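Have a look at upload_38.txt below; it lists compact mmCIF, C-alpha atoms and all ligand atoms.
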# COMPACT_ATOMS: atom_id res chain seq x y z
CA MET A 1 -22.39 88.34 4.24
CA VAL A 2 -24.94 90.92 5.18
CA PHE A 3 -25.80 91.62 8.74
CA ILE A 4 -29.06 93.26 9.51
CA LEU A 5 -29.07 94.55 13.01
CA PHE A 6 -32.46 95.24 14.40
CA GLY A 7 -33.84 95.44 17.83
CA PHE A 8 -36.73 96.25 20.03
CA GLY A 9 -36.81 98.02 23.27
CA LYS A 10 -34.68 101.10 22.85
CA LYS A 11 -36.37 103.70 24.95
CA SER A 12 -36.32 107.44 24.88
CA VAL A 13 -37.63 109.57 27.67
CA LYS A 14 -39.03 113.01 27.13
CA TRP A 15 -39.62 114.99 30.29
CA LEU A 16 -42.89 116.86 30.16
CA ALA A 17 -43.21 118.48 33.56
CA LYS A 18 -42.45 118.24 37.21
CA THR A 19 -45.19 117.59 39.71
CA PRO A 20 -45.74 119.30 43.01
CA GLU A 21 -44.33 117.34 45.93
CA MET A 22 -45.91 113.92 46.31
CA ILE A 23 -45.33 110.92 48.53
CA CYS A 24 -43.78 108.02 46.67
CA SER A 25 -45.68 104.84 47.42
CA ASN A 26 -42.52 102.83 46.87
CA CYS A 27 -39.80 104.58 48.87
CA ILE A 28 -42.11 106.71 51.09
CA ASN A 29 -40.17 109.89 50.41
CA VAL A 30 -41.83 113.20 49.70
CA THR A 31 -40.37 114.40 46.46
CA ILE A 32 -41.01 116.14 43.18
CA PHE A 33 -41.84 113.57 40.53
CA GLY A 34 -41.01 113.93 36.89
CA LEU A 35 -43.78 113.40 34.37
CA ALA A 36 -42.31 111.73 31.34
CA LYS A 37 -43.37 110.31 28.02
CA ILE A 38 -41.49 107.08 27.40
CA THR A 39 -41.31 105.88 23.83
CA THR A 40 -40.10 102.40 22.97
CA TRP A 41 -38.60 102.06 19.50
CA PHE A 42 -38.07 99.45 16.88
CA THR A 43 -34.51 100.03 15.75
CA LEU A 44 -32.57 99.15 12.63
CA PHE A 45 -28.81 99.47 12.78
CA PHE A 46 -29.30 101.23 16.11
CA ILE A 47 -31.37 103.92 14.43
CA LYS A 48 -34.80 104.53 15.84
CA ILE A 49 -37.28 103.70 13.08
CA ILE A 50 -40.74 103.13 14.47
CA PRO A 51 -42.12 104.04 17.86
CA TYR A 52 -44.21 101.01 18.78
CA ASN A 53 -45.09 101.80 22.33
CA THR A 54 -45.64 105.06 24.14
CA GLN A 55 -46.41 105.31 27.78
CA ARG A 56 -46.67 108.17 30.19
CA ALA A 57 -45.41 107.83 33.70
CA LEU A 58 -44.59 109.66 36.86
CA ILE A 59 -41.05 108.80 37.85
CA CYS A 60 -39.70 109.05 41.36
CA PRO A 61 -36.21 110.59 41.22
CA ILE A 62 -35.16 108.79 44.38
CA CYS A 63 -36.07 105.16 43.75
CA ASN A 64 -36.80 105.48 40.03
CA THR A 65 -40.17 103.81 40.35
CA HIS A 66 -42.58 104.36 37.46
CA ILE A 67 -46.23 105.08 38.04
CA GLU A 68 -48.05 104.73 34.76
CA VAL A 69 -50.63 107.35 33.92
CA SER A 70 -53.15 107.41 31.10
CA LYS A 71 -53.10 109.99 28.34
CA ASP A 72 -56.00 111.82 29.99
CA GLU A 73 -54.36 111.83 33.42
CA CYS A 74 -51.19 113.06 31.81
CA ALA A 75 -53.02 115.94 30.14
CA LYS A 76 -54.63 116.84 33.45
CA LEU A 77 -51.29 116.79 35.25
CA LEU A 78 -49.82 118.99 32.55
CA SER A 79 -52.57 121.54 32.90
CA ASP A 80 -52.21 121.46 36.69
CA THR A 81 -48.46 121.95 36.75
CA ALA A 82 -46.50 124.87 35.45
CA GLU A 83 -44.95 124.20 32.09
CA ASP A 84 -41.38 123.16 32.26
CA GLU A 85 -39.21 123.42 29.19
CA SER A 86 -36.65 121.04 30.56
CA SER A 87 -34.31 119.10 28.38
CA GLU A 88 -34.77 115.80 26.69
CA ALA A 89 -32.67 112.89 27.87
CA GLU A 90 -32.03 109.36 26.76
ZN ZN A 101 -39.61 106.56 45.26
Output the file's structure in the form of structure tokens.
Ligand SMILES: [Zn+2]
Amino acid sequence: MVFILFGFGKKSVKWLAKTPEMICSNCINVTIFGLAKITTWFTLFFIKIIPYNTQRALICPICNTHIEVSKDECAKLLSDTAEDESSEAE
């Protein structure tokens, strides 16, 4: 009996930068948002094989709300903010 374990939806988050302080439209706190690239993977035996969806988002550290940004907006935010070599997290 052979089991093939595959799945969709495993996500990895790569932090690109931190924004200047902004007001969160969800929790109404003034905070520093994280700009992240979120990749969703097709997995086989829990190993990430193919990235099938990539989105960029500003993430509120307080309420964890995601504000999606386009690739162009993301590039603009990156050029506006100081580069941040922060770590990668799952
Ligand atoms: Zn918030």
Env. residues ligand ZN 101 (chain A) / 8 Å / all atoms listed in the file / as a compact mmCIF listing (two decimals) with C-alpha atoms, in the frame of the given file:
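So the final result, stored in result_28.txt, reads:
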# COMPACT_ATOMS: atom_id res chain seq x y z
CA ILE A 23 -45.33 110.92 48.53
CA CYS A 24 -43.78 108.02 46.67
CA SER A 25 -45.68 104.84 47.42
CA ASN A 26 -42.52 102.83 46.87
CA CYS A 27 -39.80 104.58 48.87
CA ILE A 28 -42.11 106.71 51.09
CA ASN A 29 -40.17 109.89 50.41
CA THR A 31 -40.37 114.40 46.46
CA ILE A 59 -41.05 108.80 37.85
CA CYS A 60 -39.70 109.05 41.36
CA PRO A 61 -36.21 110.59 41.22
CA ILE A 62 -35.16 108.79 44.38
CA CYS A 63 -36.07 105.16 43.75
CA ASN A 64 -36.80 105.48 40.03
CA THR A 65 -40.17 103.81 40.35
I'd like the contact shell of segment 48-54 of chain A - 6 Å cut-off, all atoms listed in the file, skipping same-chain residues fewer than 2 positions apart - returned as a PyMOL selection string.
chain A and resi 38-43
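Across the model, the gap from atom CA of Met22 of chain A to atom CA of Arg56 of chain A is 17.1 Å.
Between Ala36 of chain A and the residues A:Asp80, A:Ala75, A:Glu21, A:Phe8, the shortest atom-to-atom distance, using only C-alpha atoms, involves A:Ala75.
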What are the centre and the three edge lengths of an axis-aligned box that wraps all atoms of segment 67-76 of chain A in the file, given that 4 Å is added to every side, written as AutoDock Vina command-line options and rounded to one decimal in Å?
--center_x -51.1 --center_y 110.8 --center_z 33.2 --size_x 17.8 --size_y 20.1 --size_z 17.7
Could you tell me which of A:Val30, A:Ala17, A:Lys11, A:Leu77 comes closest to Gln55 of chain A if we count all atoms listed in the file?
A:Lys11
Grab the atom CA of Cys74 of chain A to atom CA of Leu16 of chain A distance for me, in Å with one decimal place.
9.3 Å
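If all atoms listed in the file are the atoms counted, then among A:Phe46, A:Glu68, A:Ile32, A:Lys37 the closest residue to Ser12 of chain A is A:Lys37.
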Å distance separating atom CA of Lys71 of chain A from atom CA of Gly7 of chain A, one decimal place
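Atom CA of Gly7 of chain A lies at a distance of 26.3 Å from atom CA of Lys71 of chain A.
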Given only C-alpha atoms as the basis, pick out the residue of A:Glu73, A:Lys18, A:Ile47, A:Gly9 nearest to Leu35 of chain A.
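Using only C-alpha atoms, Leu35 of chain A sits closest to A:Lys18.
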With distances taken over only C-alpha atoms, the candidate from A:Lys10, A:Leu5, A:Pro20, A:Ala57 nearest Val69 of chain A is A:Ala57
